[in-house]
Structure formats: C-alpha cells, structure tokens
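Dumped query-v4.pdb below, it's PDB, C-alpha atoms and all ligand atoms:
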```pdb
ATOM      1  CA  LEU V   8     -13.764 -11.190 -13.349  1.00  0.00           C
ATOM      2  CA  ASP V   9     -13.008 -10.011  -9.806  1.00  0.00           C
ATOM      3  CA  PRO V  10     -12.093  -6.364  -9.244  1.00  0.00           C
ATOM      4  CA  VAL V  11      -8.381  -5.659  -8.801  1.00  0.00           C
ATOM      5  CA  LEU V  12      -6.931  -3.838  -5.816  1.00  0.00           C
ATOM      6  CA  ALA V  13      -3.308  -2.721  -6.270  1.00  0.00           C
ATOM      7  CA  ILE V  14      -1.039  -1.995  -3.307  1.00  0.00           C
ATOM      8  CA  VAL V  15       1.616   0.592  -4.079  1.00  0.00           C
ATOM      9  CA  GLY V  16       4.091   2.695  -2.132  1.00  0.00           C
ATOM     10  CA  ARG V  17       7.795   3.162  -1.672  1.00  0.00           C
ATOM     11  CA  PRO V  18       9.979   0.295  -0.394  1.00  0.00           C
ATOM     12  CA  ASN V  19       9.716  -0.789   3.257  1.00  0.00           C
ATOM     13  CA  VAL V  20       6.411   0.912   4.101  1.00  0.00           C
ATOM     14  CA  GLY V  21       4.737  -2.456   4.800  1.00  0.00           C
ATOM     15  CA  LYS V  22       2.941  -3.369   1.547  1.00  0.00           C
ATOM     16  CA  SER V  23       3.730  -7.090   1.761  1.00  0.00           C
ATOM     17  CA  THR V  24       2.883  -7.168   5.474  1.00  0.00           C
ATOM     18  CA  LEU V  25      -0.478  -5.636   4.559  1.00  0.00           C
ATOM     19  CA  VAL V  26      -1.018  -8.282   1.862  1.00  0.00           C
ATOM     20  CA  ASN V  27      -0.393 -11.018   4.424  1.00  0.00           C
ATOM     21  CA  ARG V  28      -2.771  -9.323   6.853  1.00  0.00           C
ATOM     22  CA  ILE V  29      -5.524  -9.146   4.224  1.00  0.00           C
ATOM     23  CA  LEU V  30      -4.959 -12.774   3.174  1.00  0.00           C
ATOM     24  CA  GLY V  31      -4.737 -13.973   6.774  1.00  0.00           C
ATOM     25  CA  ARG V  32      -1.597 -15.922   5.984  1.00  0.00           C
ATOM     26  CA  ARG V  33       2.081 -15.245   5.372  1.00  0.00           C
ATOM     27  CA  GLU V  34       2.341 -15.577   1.633  1.00  0.00           C
ATOM     28  CA  ALA V  35       3.917 -12.303   0.524  1.00  0.00           C
ATOM     29  CA  VAL V  36       7.610 -11.967   1.316  1.00  0.00           C
ATOM     30  CA  VAL V  37       8.308  -9.412   4.038  1.00  0.00           C
ATOM     31  CA  GLU V  38      11.862  -8.110   4.339  1.00  0.00           C
ATOM     32  CA  ASP V  39      13.638  -5.620   6.506  1.00  0.00           C
ATOM     33  CA  THR V  40      15.712  -4.783   3.443  1.00  0.00           C
ATOM     34  CA  PRO V  41      13.916  -2.283   1.178  1.00  0.00           C
ATOM     35  CA  GLY V  42      13.034  -3.358  -2.333  1.00  0.00           C
ATOM     36  CA  VAL V  43      12.484  -7.083  -1.909  1.00  0.00           C
ATOM     37  CA  THR V  44       9.142  -7.372  -3.760  1.00  0.00           C
ATOM     38  CA  ARG V  45      10.349  -6.710  -7.272  1.00  0.00           C
ATOM     39  CA  ASP V  46       7.589  -7.987  -9.457  1.00  0.00           C
ATOM     40  CA  ARG V  47       3.864  -7.794  -9.371  1.00  0.00           C
ATOM     41  CA  VAL V  48       2.378 -10.652  -7.379  1.00  0.00           C
ATOM     42  CA  MET V  49      -1.320 -11.449  -7.515  1.00  0.00           C
ATOM     43  CA  TYR V  50      -3.454 -13.085  -4.853  1.00  0.00           C
ATOM     44  CA  SER V  51      -7.132 -14.002  -4.568  1.00  0.00           C
ATOM     45  CA  ALA V  52      -8.656 -12.297  -1.537  1.00  0.00           C
ATOM     46  CA  THR V  53     -12.074 -11.889   0.015  1.00  0.00           C
ATOM     47  CA  TRP V  54     -13.649  -9.439   2.449  1.00  0.00           C
ATOM     48  CA  ASN V  55     -17.218  -9.623   3.753  1.00  0.00           C
ATOM     49  CA  GLY V  56     -18.220 -11.874   0.859  1.00  0.00           C
ATOM     50  CA  SER V  57     -16.598  -9.669  -1.809  1.00  0.00           C
ATOM     51  CA  ASN V  58     -13.921 -11.404  -3.862  1.00  0.00           C
ATOM     52  CA  PHE V  59     -11.113  -9.372  -5.360  1.00  0.00           C
ATOM     53  CA  THR V  60      -7.606  -9.777  -6.733  1.00  0.00           C
ATOM     54  CA  LEU V  61      -4.877  -8.217  -4.672  1.00  0.00           C
ATOM     55  CA  VAL V  62      -1.723  -7.060  -6.447  1.00  0.00           C
ATOM     56  CA  ASP V  63       1.431  -6.536  -4.371  1.00  0.00           C
ATOM     57  CA  THR V  64       4.169  -4.469  -5.996  1.00  0.00           C
ATOM     58  CA  GLY V  65       7.743  -3.423  -5.432  1.00  0.00           C
ATOM     59  CA  GLY V  66       8.313   0.128  -4.293  1.00  0.00           C
ATOM     60  CA  TRP V  67       8.278   3.182  -6.502  1.00  0.00           C
ATOM     61  CA  GLU V  68      11.527   5.148  -6.588  1.00  0.00           C
ATOM     62  CA  HIS V  69      11.364   8.837  -7.514  1.00  0.00           C
ATOM     63  CA  ASP V  70      14.823   8.951  -9.068  1.00  0.00           C
ATOM     64  CA  ALA V  71      14.301   5.581 -10.734  1.00  0.00           C
ATOM     65  CA  ARG V  72      17.409   3.925 -12.188  1.00  0.00           C
ATOM     66  CA  GLY V  73      18.180   0.302 -12.977  1.00  0.00           C
ATOM     67  CA  ILE V  74      16.232  -2.157 -10.877  1.00  0.00           C
ATOM     68  CA  HIS V  75      14.241   0.702  -9.405  1.00  0.00           C
ATOM     69  CA  ALA V  76      13.031   1.750 -12.846  1.00  0.00           C
ATOM     70  CA  ARG V  77      11.723  -1.764 -13.384  1.00  0.00           C
ATOM     71  CA  VAL V  78      10.051  -1.731  -9.989  1.00  0.00           C
ATOM     72  CA  ALA V  79       8.461   1.644 -10.737  1.00  0.00           C
ATOM     73  CA  ASP V  80       7.193   0.316 -14.074  1.00  0.00           C
ATOM     74  CA  GLN V  81       5.652  -2.638 -12.249  1.00  0.00           C
ATOM     75  CA  ALA V  82       3.877  -0.305  -9.830  1.00  0.00           C
ATOM     76  CA  GLU V  83       2.495   1.774 -12.688  1.00  0.00           C
ATOM     77  CA  ALA V  84       1.451  -1.353 -14.611  1.00  0.00           C
ATOM     78  CA  ALA V  85      -0.327  -2.666 -11.519  1.00  0.00           C
ATOM     79  CA  VAL V  86      -2.206   0.620 -11.165  1.00  0.00           C
ATOM     80  CA  ASP V  87      -3.177   0.528 -14.849  1.00  0.00           C
ATOM     81  CA  LEU V  88      -4.917  -2.813 -14.426  1.00  0.00           C
ATOM     82  CA  ALA V  89      -6.415  -1.955 -11.018  1.00  0.00           C
ATOM     83  CA  ASP V  90      -9.961  -0.870 -10.177  1.00  0.00           C
ATOM     84  CA  ALA V  91      -8.749   0.779  -6.977  1.00  0.00           C
ATOM     85  CA  VAL V  92      -5.417   1.484  -5.305  1.00  0.00           C
ATOM     86  CA  LEU V  93      -4.132   1.315  -1.754  1.00  0.00           C
ATOM     87  CA  LEU V  94      -1.302   3.829  -1.443  1.00  0.00           C
ATOM     88  CA  VAL V  95       0.703   2.775   1.594  1.00  0.00           C
ATOM     89  CA  VAL V  96       2.759   5.396   3.434  1.00  0.00           C
ATOM     90  CA  ASP V  97       4.887   4.872   6.566  1.00  0.00           C
ATOM     91  CA  ALA V  98       3.182   7.185   9.064  1.00  0.00           C
ATOM     92  CA  THR V  99       6.184   7.016  11.407  1.00  0.00           C
ATOM     93  CA  VAL V 100       8.350   8.574   8.666  1.00  0.00           C
ATOM     94  CA  GLY V 101       5.756  10.924   7.168  1.00  0.00           C
ATOM     95  CA  ALA V 102       5.339  11.975   3.538  1.00  0.00           C
ATOM     96  CA  THR V 103       8.592  11.885   1.571  1.00  0.00           C
ATOM     97  CA  ALA V 104       9.479  13.223  -1.887  1.00  0.00           C
ATOM     98  CA  THR V 105       9.089   9.670  -3.162  1.00  0.00           C
ATOM     99  CA  ASP V 106       5.566   9.443  -1.730  1.00  0.00           C
ATOM    100  CA  GLU V 107       4.745  12.731  -3.457  1.00  0.00           C
ATOM    101  CA  ALA V 108       6.037  11.323  -6.751  1.00  0.00           C
ATOM    102  CA  VAL V 109       3.733   8.323  -6.332  1.00  0.00           C
ATOM    103  CA  VAL V 110       0.822  10.666  -5.657  1.00  0.00           C
ATOM    104  CA  ARG V 111       1.552  12.550  -8.904  1.00  0.00           C
ATOM    105  CA  MET V 112       1.600   9.259 -10.849  1.00  0.00           C
ATOM    106  CA  LEU V 113      -1.689   8.223  -9.223  1.00  0.00           C
ATOM    107  CA  ARG V 114      -3.362  11.550 -10.068  1.00  0.00           C
ATOM    108  CA  ARG V 115      -2.697  10.930 -13.771  1.00  0.00           C
ATOM    109  CA  LYS V 116      -4.405   7.530 -13.520  1.00  0.00           C
ATOM    110  CA  LYS V 117      -7.701   8.852 -12.133  1.00  0.00           C
ATOM    111  CA  LYS V 118      -8.396   5.653 -10.173  1.00  0.00           C
ATOM    112  CA  PRO V 119      -9.929   5.608  -6.692  1.00  0.00           C
ATOM    113  CA  VAL V 120      -7.090   5.780  -4.157  1.00  0.00           C
ATOM    114  CA  ILE V 121      -7.229   4.948  -0.461  1.00  0.00           C
ATOM    115  CA  LEU V 122      -4.404   6.498   1.532  1.00  0.00           C
ATOM    116  CA  VAL V 123      -3.151   3.944   4.066  1.00  0.00           C
ATOM    117  CA  ALA V 124      -1.146   5.405   6.958  1.00  0.00           C
ATOM    118  CA  ASN V 125       0.719   2.273   8.021  1.00  0.00           C
ATOM    119  CA  LYS V 126       2.725   1.486  11.176  1.00  0.00           C
ATOM    120  CA  VAL V 127       0.155   3.217  13.384  1.00  0.00           C
ATOM    121  CA  ASP V 128       0.661   0.463  15.975  1.00  0.00           C
ATOM    122  CA  ASP V 129      -1.096   2.297  18.797  1.00  0.00           C
ATOM    123  CA  ILE V 130      -3.259   5.309  19.573  1.00  0.00           C
ATOM    124  CA  GLN V 131      -0.245   7.564  20.230  1.00  0.00           C
ATOM    125  CA  ASN V 132       0.651   7.315  16.521  1.00  0.00           C
ATOM    126  CA  GLU V 133      -2.739   8.595  15.292  1.00  0.00           C
ATOM    127  CA  ALA V 134      -1.317  12.131  14.924  1.00  0.00           C
ATOM    128  CA  ASP V 135       1.309  10.751  12.508  1.00  0.00           C
ATOM    129  CA  ALA V 136      -1.533   9.500  10.328  1.00  0.00           C
ATOM    130  CA  ALA V 137      -3.365  12.842  10.420  1.00  0.00           C
ATOM    131  CA  ALA V 138      -0.209  14.591   9.134  1.00  0.00           C
ATOM    132  CA  LEU V 139      -0.667  12.689   5.851  1.00  0.00           C
ATOM    133  CA  TRP V 140      -3.675  14.842   4.927  1.00  0.00           C
ATOM    134  CA  SER V 141      -0.911  16.986   3.350  1.00  0.00           C
ATOM    135  CA  LEU V 142      -0.692  14.504   0.456  1.00  0.00           C
ATOM    136  CA  GLY V 143      -4.069  15.763  -0.774  1.00  0.00           C
ATOM    137  CA  LEU V 144      -5.659  12.335  -1.130  1.00  0.00           C
ATOM    138  CA  GLY V 145      -8.307  12.834   1.517  1.00  0.00           C
ATOM    139  CA  GLU V 146      -8.540  11.076   4.848  1.00  0.00           C
ATOM    140  CA  PRO V 147      -5.537   8.920   5.752  1.00  0.00           C
ATOM    141  CA  MET V 148      -6.672   5.564   7.141  1.00  0.00           C
ATOM    142  CA  PRO V 149      -4.560   4.685  10.196  1.00  0.00           C
ATOM    143  CA  VAL V 150      -3.508   1.044  10.016  1.00  0.00           C
ATOM    144  CA  SER V 151      -1.060  -1.359  11.588  1.00  0.00           C
ATOM    145  CA  ALA V 152      -0.443  -4.077   9.018  1.00  0.00           C
ATOM    146  CA  LEU V 153       1.697  -5.800  11.629  1.00  0.00           C
ATOM    147  CA  HIS V 154      -0.996  -6.009  14.318  1.00  0.00           C
ATOM    148  CA  GLY V 155      -4.188  -5.717  12.251  1.00  0.00           C
ATOM    149  CA  ARG V 156      -5.257  -2.430  13.769  1.00  0.00           C
ATOM    150  CA  GLY V 157      -7.557  -0.450  11.416  1.00  0.00           C
ATOM    151  CA  THR V 158      -7.444  -2.959   8.562  1.00  0.00           C
ATOM    152  CA  ALA V 159     -11.164  -3.816   8.797  1.00  0.00           C
ATOM    153  CA  ASP V 160     -12.183  -0.169   8.217  1.00  0.00           C
ATOM    154  CA  MET V 161      -9.648   0.063   5.401  1.00  0.00           C
ATOM    155  CA  LEU V 162     -11.052  -3.041   3.682  1.00  0.00           C
ATOM    156  CA  ASP V 163     -14.651  -1.815   4.097  1.00  0.00           C
ATOM    157  CA  LYS V 164     -13.661   1.348   2.242  1.00  0.00           C
ATOM    158  CA  ALA V 165     -11.703  -0.559  -0.428  1.00  0.00           C
ATOM    159  CA  VAL V 166     -14.640  -2.872  -1.207  1.00  0.00           C
ATOM    160  CA  GLU V 167     -16.900   0.203  -1.401  1.00  0.00           C
ATOM    161  CA  VAL V 168     -14.777   1.995  -4.048  1.00  0.00           C
ATOM    162  CA  MET V 169     -13.680  -0.996  -6.175  1.00  0.00           C
TER     163      MET V 169
HETATM  164  P1  LIG C 201       7.274  -3.469   1.648  1.00  0.00           P
HETATM  165  O1  LIG C 201       8.665  -3.295   1.152  1.00  0.00           O
HETATM  166  O2  LIG C 201       6.479  -2.211   1.477  1.00  0.00           O
HETATM  167  O3  LIG C 201       6.574  -4.671   1.089  1.00  0.00           O
HETATM  168  O4  LIG C 201       7.376  -3.663   3.236  1.00  0.00           O
HETATM  169  P2  LIG C 201       7.373  -5.025   4.097  1.00  0.00           P
HETATM  170  O5  LIG C 201       5.981  -5.550   4.228  1.00  0.00           O
HETATM  171  O6  LIG C 201       8.394  -5.946   3.534  1.00  0.00           O
HETATM  172  O7  LIG C 201       7.792  -4.477   5.540  1.00  0.00           O
HETATM  173  C1  LIG C 201       8.974  -3.740   5.742  1.00  0.00           C
HETATM  174  C2  LIG C 201       9.287  -3.688   7.229  1.00  0.00           C
HETATM  175  O8  LIG C 201       8.281  -2.916   7.920  1.00  0.00           O
HETATM  176  C3  LIG C 201       9.303  -5.061   7.910  1.00  0.00           C
HETATM  177  O9  LIG C 201      10.335  -5.061   8.869  1.00  0.00           O
HETATM  178  C4  LIG C 201       7.934  -5.132   8.572  1.00  0.00           C
HETATM  179  O10 LIG C 201       7.903  -5.987   9.682  1.00  0.00           O
HETATM  180  C5  LIG C 201       7.724  -3.676   8.989  1.00  0.00           C
HETATM  181  N1  LIG C 201       6.278  -3.346   9.127  1.00  0.00           N
HETATM  182  C6  LIG C 201       5.292  -3.553   8.234  1.00  0.00           C
HETATM  183  N2  LIG C 201       4.099  -3.143   8.704  1.00  0.00           N
HETATM  184  C7  LIG C 201       4.313  -2.649   9.946  1.00  0.00           C
HETATM  185  C8  LIG C 201       3.460  -2.074  10.962  1.00  0.00           C
HETATM  186  O11 LIG C 201       2.239  -1.941  10.837  1.00  0.00           O
HETATM  187  N3  LIG C 201       4.067  -1.660  12.117  1.00  0.00           N
HETATM  188  C9  LIG C 201       5.409  -1.791  12.304  1.00  0.00           C
HETATM  189  N4  LIG C 201       5.906  -1.358  13.470  1.00  0.00           N
HETATM  190  N5  LIG C 201       6.243  -2.335  11.376  1.00  0.00           N
HETATM  191  C10 LIG C 201       5.713  -2.763  10.218  1.00  0.00           C
HETATM  192 MG    MG C 202       7.115  -6.023  -0.398  1.00  0.00          MG
END
```
So that I can check it, write out the structure of this file as structure tokens.
Amino acid sequence: LDPVLAIVGRPNVGKSTLVNRILGRREAVVEDTPGVTRDRVMYSATWNGSNFTLVDTGGWEHDARGIHARVADQAEAAVDLADAVLLVVDATVGATATDEAVVRMLRRKKKPVILVANKVDDIQNEADAAALWSLGLGEPMPVSALHGRGTADMLDKAVEVM
C-alpha cells in the first residue's frame, strides 16, 4: 500500500492548485470561491520514483458550523489516514486564527507535518514565508503552486518523511 500524503489548510489557500501541480495535470477543482473542495479526493501520485496517494481536502473552519463542520471532519479524517501532512498556508495573508486551529488539531495527531507557505510567486515574497515560523511547525517551505516555484524541494521533503 502506498503511503498517504494529506493536504490540509483553510479554504482558498491553494490546496487544489497544489494537487494539480503535483499531478502535473488539472484534475482537482480550483475555485476563486472559498470552500469548493468539500470532500476528500484521492489521487495516485509519484515523485522521483516514489509512489504515494495524495488526499485533497476542503478547508478547515475554526468556528465550524454546518457545511464547514463536515469539511473540518473530512480534513481530520484525511489526517487520520495519512502518513504525512502538507499544511498549506497563504503566505500573502499570513497565519490566521483558523490556521492556528489547524495547527492545534495537527499537534494532537502526532504525524509529520510540512508547512507549505503558498503563493510565494517570486523572491520578494520570501519574507512572507519566513513569518510563518511563528506557527511553530519548523521551517516554512516557500512555494508557488500556481507557477511551480519551490514544489520540487517540498516534494523531496515529503517523500523523505512519509
Ligand atoms: P483551495 O480552496 O485551498 O483548494 O484553493 P484553490 O486551489 O482552489 O485556489 C484558490 C485560489 O488561489 C485560486 O484563485 C488559485 O488560482 C489561487 N492560487 C493558488 N495557488 C496560488 C499561488 O501559488 N499563487 C497565487 N498568486 N495564487 C494562487
Ligand atoms: Mg480545493
């Protein structure tokens, strides 16, 4: 059975864009409207000869109610079955209370977590990524899911910890 890599984070941070980047094709639905990926979606992926199962999830809402509660449950369920987790944060926004709630959930799970500082589209945004050290998950990996910047280093690390 291939190891499972779950992608979690609040809505609109670029999780589905990152899935498409990893797969090399547009399979996950990307939306400008937050909260479009509602259920867990699994994909077979490969990096440098390592096969793994990628799980895309809807966003995690801190004050979860209704649909958001279901989405949050899906994120937690995805983490439960994962060998490693990519926590995606929007570096252009910075750490929010919702991100901090996700971090608390992840701490309880004791799974390896890679902190992905997404939307670092160019070198000027690197400082935004560094600010995410405050989440206490170690080194933020600056990535642009949209352009592919930094995703190779991120995948090297993911394969290493899975
Ligand atoms: P999800 O809700 O976390 O799955 O986020 P999506 O993948 O649906 O993306 C939400 C929005 O962020 C879309 O408009 C994407 O085009 C945009 N986006 C995703 N990744 C990047 C990135 O690396 N840079 C920029 N500038 N925008 C991004
Ligand atoms: Mg999505």
Contacts of Leu25 (chain V) at 12 Å (all atoms listed in the file; same-chain gap of 3+ positions) as a PyMOL selection string: chain V and resi 13-16+19-22+28-37+61-64+93-97+123-126+150-159+161-162
Resulting file, chosen residues, C-alpha atoms, as a short mmCIF file (atom, residue, chain, number, x, y, z; two decimals), in the frame of the given file:
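What ended up in result.cif:
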```cif
data_model
loop_
_atom_site.label_atom_id
_atom_site.label_comp_id
_atom_site.auth_asym_id
_atom_site.auth_seq_id
_atom_site.Cartn_x
_atom_site.Cartn_y
_atom_site.Cartn_z
CA ALA V 13 -3.31 -2.72 -6.27
CA ILE V 14 -1.04 -2.00 -3.31
CA VAL V 15 1.62 0.59 -4.08
CA GLY V 16 4.09 2.70 -2.13
CA ASN V 19 9.72 -0.79 3.26
CA VAL V 20 6.41 0.91 4.10
CA GLY V 21 4.74 -2.46 4.80
CA LYS V 22 2.94 -3.37 1.55
CA ARG V 28 -2.77 -9.32 6.85
CA ILE V 29 -5.52 -9.15 4.22
CA LEU V 30 -4.96 -12.77 3.17
CA GLY V 31 -4.74 -13.97 6.77
CA ARG V 32 -1.60 -15.92 5.98
CA ARG V 33 2.08 -15.24 5.37
CA GLU V 34 2.34 -15.58 1.63
CA ALA V 35 3.92 -12.30 0.52
CA VAL V 36 7.61 -11.97 1.32
CA VAL V 37 8.31 -9.41 4.04
CA LEU V 61 -4.88 -8.22 -4.67
CA VAL V 62 -1.72 -7.06 -6.45
CA ASP V 63 1.43 -6.54 -4.37
CA THR V 64 4.17 -4.47 -6.00
CA LEU V 93 -4.13 1.32 -1.75
CA LEU V 94 -1.30 3.83 -1.44
CA VAL V 95 0.70 2.78 1.59
CA VAL V 96 2.76 5.40 3.43
CA ASP V 97 4.89 4.87 6.57
CA VAL V 123 -3.15 3.94 4.07
CA ALA V 124 -1.15 5.40 6.96
CA ASN V 125 0.72 2.27 8.02
CA LYS V 126 2.72 1.49 11.18
CA VAL V 150 -3.51 1.04 10.02
CA SER V 151 -1.06 -1.36 11.59
CA ALA V 152 -0.44 -4.08 9.02
CA LEU V 153 1.70 -5.80 11.63
CA HIS V 154 -1.00 -6.01 14.32
CA GLY V 155 -4.19 -5.72 12.25
CA ARG V 156 -5.26 -2.43 13.77
CA GLY V 157 -7.56 -0.45 11.42
CA THR V 158 -7.44 -2.96 8.56
CA ALA V 159 -11.16 -3.82 8.80
CA MET V 161 -9.65 0.06 5.40
CA LEU V 162 -11.05 -3.04 3.68
#
```
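Each of V:Val127, V:Pro18, V:Val26, V:Val92 was checked against Gly65 (chain V) using all atoms listed in the file; the smallest atom-to-atom distance is that of V:Pro18.
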CA of Asp128 (chain V) to atom N4 of ligand LIG 201 (chain C), straight-line distance in Å: 6.1 Å
Residues within 9 Å of Val110 (chain V), all atoms listed in the file, excluding chain neighbours under 2 positions, as a PDB file with C-alpha atoms, in the coordinates of the input:
```
ATOM      1  CA  LEU V  94      -1.302   3.829  -1.443  1.00  0.00           C
ATOM      2  CA  THR V 105       9.089   9.670  -3.162  1.00  0.00           C
ATOM      3  CA  ASP V 106       5.566   9.443  -1.730  1.00  0.00           C
ATOM      4  CA  GLU V 107       4.745  12.731  -3.457  1.00  0.00           C
ATOM      5  CA  ALA V 108       6.037  11.323  -6.751  1.00  0.00           C
ATOM      6  CA  MET V 112       1.600   9.259 -10.849  1.00  0.00           C
ATOM      7  CA  LEU V 113      -1.689   8.223  -9.223  1.00  0.00           C
ATOM      8  CA  ARG V 114      -3.362  11.550 -10.068  1.00  0.00           C
ATOM      9  CA  ARG V 115      -2.697  10.930 -13.771  1.00  0.00           C
ATOM     10  CA  LEU V 142      -0.692  14.504   0.456  1.00  0.00           C
ATOM     11  CA  GLY V 143      -4.069  15.763  -0.774  1.00  0.00           C
ATOM     12  CA  LEU V 144      -5.659  12.335  -1.130  1.00  0.00           C
TER      13      LEU V 144
END
```
Where is the centre and how long are the edges: axis-aligned box on ligand LIG 201 (chain C), 8 Å on each side, Å to one decimal, as AutoDock Vina command-line options:
```
--center_x 6.3 --center_y -3.7 --center_z 7.3 --size_x 24.1 --size_y 20.6 --size_z 28.4
```
Selection result for the PyMOL selection byres (((chain V and resi 147) around 9) and not hetatm) on this file, as a count of residues only: 14
